[in-house]
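input_13.csv follows; it contains CSV, C-alpha atoms.
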```
chain,number,residue,atom,x,y,z
A,1,MET,CA,13.6,-41.1,-20.2
A,2,SER,CA,17.4,-40.9,-19.7
A,3,ALA,CA,19.1,-38.7,-17.1
A,4,ASP,CA,20.4,-36.5,-19.9
A,5,ALA,CA,16.9,-36.0,-21.3
A,6,THR,CA,15.7,-34.7,-17.9
A,7,LYS,CA,18.7,-32.4,-17.3
A,8,GLU,CA,17.9,-28.8,-17.7
A,9,ARG,CA,19.8,-26.8,-20.4
A,10,THR,CA,22.6,-24.7,-18.9
A,11,TYR,CA,23.8,-21.5,-20.6
A,12,THR,CA,27.4,-20.8,-21.3
A,13,GLU,CA,29.0,-17.7,-19.8
A,14,ALA,CA,28.8,-15.9,-23.1
A,15,GLU,CA,25.1,-16.9,-23.6
A,16,THR,CA,24.3,-15.8,-20.1
A,17,LYS,CA,26.0,-12.4,-20.5
A,18,ALA,CA,24.3,-11.8,-23.8
A,19,ARG,CA,20.9,-12.6,-22.3
A,20,LEU,CA,21.5,-10.4,-19.3
A,21,ALA,CA,22.5,-7.5,-21.6
A,22,ARG,CA,19.3,-8.0,-23.6
A,23,ASP,CA,16.7,-8.8,-20.9
A,24,LEU,CA,18.1,-7.8,-17.5
A,25,PRO,CA,20.6,-5.0,-18.0
A,26,HIS,CA,21.0,-4.3,-14.2
A,27,TRP,CA,22.1,-7.9,-13.6
A,28,TRP,CA,25.6,-9.3,-14.1
A,29,PHE,CA,27.3,-12.7,-14.2
A,30,GLU,CA,29.8,-13.5,-11.5
A,31,ASP,CA,31.3,-16.7,-10.1
A,32,GLY,CA,28.7,-18.9,-11.9
A,33,SER,CA,25.7,-16.8,-10.7
A,34,ILE,CA,23.5,-14.1,-12.1
A,35,CYS,CA,23.5,-11.2,-9.7
A,36,ARG,CA,21.7,-7.9,-8.9
A,37,LYS,CA,22.2,-5.4,-6.1
A,38,TYR,CA,19.2,-3.4,-5.1
A,39,ARG,CA,19.9,-0.1,-3.2
A,40,THR,CA,17.5,0.8,-0.4
A,41,ASN,CA,17.0,3.9,1.7
A,42,SER,CA,17.1,2.1,5.0
A,43,TRP,CA,16.9,-1.2,6.9
A,44,LYS,CA,13.1,-1.1,6.4
A,45,GLY,CA,13.6,-1.0,2.6
A,46,THR,CA,16.2,-3.8,2.8
A,47,LEU,CA,13.8,-6.0,4.7
A,48,MET,CA,11.0,-5.3,2.3
A,49,VAL,CA,13.2,-6.3,-0.6
A,50,ILE,CA,14.4,-9.5,1.2
A,51,ASN,CA,10.8,-10.5,2.0
A,52,THR,CA,9.6,-9.8,-1.6
A,53,VAL,CA,12.5,-11.9,-3.0
A,54,GLY,CA,11.8,-14.6,-0.5
A,55,HIS,CA,8.1,-14.8,-1.4
A,56,LEU,CA,8.8,-14.9,-5.1
A,57,ALA,CA,11.5,-17.6,-4.7
A,58,GLU,CA,9.3,-19.8,-2.5
A,59,ALA,CA,6.4,-19.5,-4.9
A,60,ALA,CA,8.8,-20.4,-7.8
A,61,TRP,CA,10.5,-23.1,-5.7
A,62,HIS,CA,13.9,-21.7,-6.9
A,63,HIS,CA,15.9,-20.2,-4.1
A,64,PRO,CA,18.6,-17.5,-4.5
A,65,ASP,CA,21.5,-16.7,-2.2
A,66,LEU,CA,21.1,-13.3,-0.6
A,67,ARG,CA,23.5,-10.8,0.9
A,68,ALA,CA,22.3,-7.7,2.7
A,69,SER,CA,23.3,-4.7,4.6
A,70,TYR,CA,21.6,-1.6,5.9
A,71,SER,CA,21.1,0.0,2.5
A,72,TRP,CA,21.3,-2.8,-0.1
A,73,VAL,CA,20.3,-6.4,-1.0
A,74,GLU,CA,22.3,-8.5,-3.4
A,75,VAL,CA,20.5,-11.4,-5.1
A,76,ARG,CA,22.5,-14.3,-6.6
A,77,LEU,CA,20.8,-16.9,-8.7
A,78,GLN,CA,22.2,-20.2,-9.9
A,79,ASN,CA,20.5,-23.6,-10.5
A,80,HIS,CA,22.6,-25.7,-8.2
A,81,ALA,CA,21.0,-29.0,-9.3
A,82,ALA,CA,21.9,-28.2,-12.9
A,83,LYS,CA,25.3,-26.8,-11.9
A,84,GLY,CA,24.8,-23.6,-14.0
A,85,ILE,CA,22.5,-20.9,-15.2
A,86,THR,CA,19.1,-22.2,-16.6
A,87,ASP,CA,15.8,-20.7,-17.7
A,88,LYS,CA,14.7,-20.9,-14.0
A,89,ASP,CA,17.3,-18.3,-13.1
A,90,PHE,CA,16.4,-15.9,-15.8
A,91,GLU,CA,12.7,-16.3,-15.2
A,92,LEU,CA,12.9,-15.7,-11.4
A,93,ALA,CA,15.3,-12.8,-12.0
A,94,LYS,CA,12.8,-11.2,-14.4
A,95,LYS,CA,9.9,-11.6,-11.9
A,96,ILE,CA,12.1,-10.2,-9.0
A,97,GLU,CA,13.0,-7.2,-11.2
A,98,GLU,CA,9.4,-6.6,-12.2
A,99,VAL,CA,8.1,-6.6,-8.6
A,100,VAL,CA,10.9,-4.8,-6.8
A,101,GLN,CA,11.2,-2.1,-9.5
A,102,TRP,CA,7.4,-1.7,-9.8
A,103,GLN,CA,6.3,2.0,-9.7
A,104,PRO,CA,2.5,2.2,-9.9
A,105,ALA,CA,2.5,6.0,-10.3
A,106,LYS,CA,4.2,5.5,-13.7
A,107,GLU,CA,1.4,3.3,-14.9
A,108,GLY,CA,-1.5,5.7,-14.1
A,109,GLY,CA,-4.6,4.5,-12.4
A,110,ALA,CA,-5.7,4.5,-8.8
A,111,LEU,CA,-2.4,3.4,-7.2
A,112,GLU,CA,-0.3,6.5,-6.6
A,113,GLY,CA,2.9,4.9,-5.5
A,114,THR,CA,5.3,5.8,-2.7
A,115,PRO,CA,5.5,9.5,-1.8
A,116,LYS,CA,8.7,11.2,-2.9
A,117,ASP,CA,9.9,12.1,0.6
A,118,ASP,CA,12.7,10.6,2.6
A,119,ALA,CA,10.4,9.4,5.4
A,120,SER,CA,8.4,7.3,2.9
A,121,ALA,CA,11.1,6.2,0.5
A,122,TYR,CA,12.3,2.6,0.8
A,123,ILE,CA,14.0,1.7,-2.4
A,124,LYS,CA,16.2,3.6,-4.8
A,125,TYR,CA,14.6,2.9,-8.1
A,126,ASP,CA,16.5,2.6,-11.4
A,127,ALA,CA,15.8,5.5,-13.8
```
Now, as a test, write the supplied structure out as C-alpha cells.
Amino acid sequence: MSADATKERTYTEAETKARLARDLPHWWFEDGSICRKYRTNSWKGTLMVINTVGHLAEAAWHHPDLRASYSWVEVRLQNHAAKGITDKDFELAKKIEEVVQWQPAKEGGALEGTPKDDASAYIKYDA
C-alpha cells in the first residue's frame, strides 16, 4: 500500500465549517483546529471536564490541546499526523460533546442528574 493510500482524508476549511454547523453547532474552526469552550461553575467543574476529556482522548488515542481557567475549558482538536481535520477529530468531538453535556434527568429513569443549586452545579449546560 502506498503512503498516499494510508493517509487519512483531511477536510477543507469549508467542509469542516459545514460539518460543524450540521453536527456540532457549539464548535468552531480556528487556526486549523476544531474548538469548543465549556463553561463551568468553578475550578471543580473545570477539573471534571478536563478529566472527562482526558479519559475519552486516551481511550480514543487521539489527543486534543486544552486550555483552562477557573470557569472554562477550551478543547482544540486537529490530527497533527494528517496535518488537518479528519474523521478522528469529528468523532472525538462528538463523543466529548455527548459526555460533557449529558443530563440524565432529561432522559428519565433512575438517574436524577445534578441538583439545580449553586453548591452542586459544576457545568453550565447548553440549552
Need to verify the contact set: A:Ser69, 10 Å, all atoms listed in the file, exclusion of same-chain residues closer than 4 positions in sequence. Can you return it as a PDB file with C-alpha atoms, in the frame of the given file?
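Listing of selection24.pdb after writing:
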```pdb
ATOM      1  CA  ARG A  39      19.900  -0.100  -3.200  1.00  0.00           C
ATOM      2  CA  THR A  40      17.500   0.800  -0.400  1.00  0.00           C
ATOM      3  CA  SER A  42      17.100   2.100   5.000  1.00  0.00           C
ATOM      4  CA  TRP A  43      16.900  -1.200   6.900  1.00  0.00           C
ATOM      5  CA  THR A  46      16.200  -3.800   2.800  1.00  0.00           C
ATOM      6  CA  LEU A  47      13.800  -6.000   4.700  1.00  0.00           C
ATOM      7  CA  VAL A  73      20.300  -6.400  -1.000  1.00  0.00           C
ATOM      8  CA  GLU A  74      22.300  -8.500  -3.400  1.00  0.00           C
TER       9      GLU A  74
END
```
Residue neighbourhood stretch 96-110 of chain A, 10 Å, all atoms listed in the file, exclusion window fewer than 4 positions, as a VMD selection string
chain A and resid 24 26 to 27 36 38 48 to 50 52 to 57 75 90 to 92 114 to 115 123 to 127
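Relative to atom CA of A:Arg76, atom CA of A:Pro64 is found at 5.5 Å.
Between atom CA of A:Trp28 and atom CA of A:Gly84 lies a distance of 14.3 Å.
Of the listed residues A:Lys116, A:Arg9, A:Lys83, A:Lys95, the one whose atoms come nearest to A:Asp31 is A:Lys83, with distances taken using only C-alpha atoms.
Of note, atom CA of A:Pro25 and atom CA of A:Ala93 are spaced 11.2 Å apart.
Of the residues listed (A:Asp87, A:Lys44, A:Asp23, A:Glu13), A:Lys44 shows the shortest atom-to-atom separation from A:Trp72; distances use all atoms listed in the file.
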Could you check the closest approach to A:Asn79 for each of A:Glu8, A:Asp118, A:Glu15, A:Glu30 and tell me which residue wins, using only C-alpha atoms?
A:Glu8
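With distances taken over all atoms listed in the file, A:Gly32 is the one residue among A:Trp61, A:Thr12, A:Gly32, A:Glu112 lying closest to A:Leu77.
With distances taken over all atoms listed in the file, A:Ile34 is the one residue among A:Leu111, A:Ala82, A:Ala121, A:Ile34 lying closest to A:Lys17.
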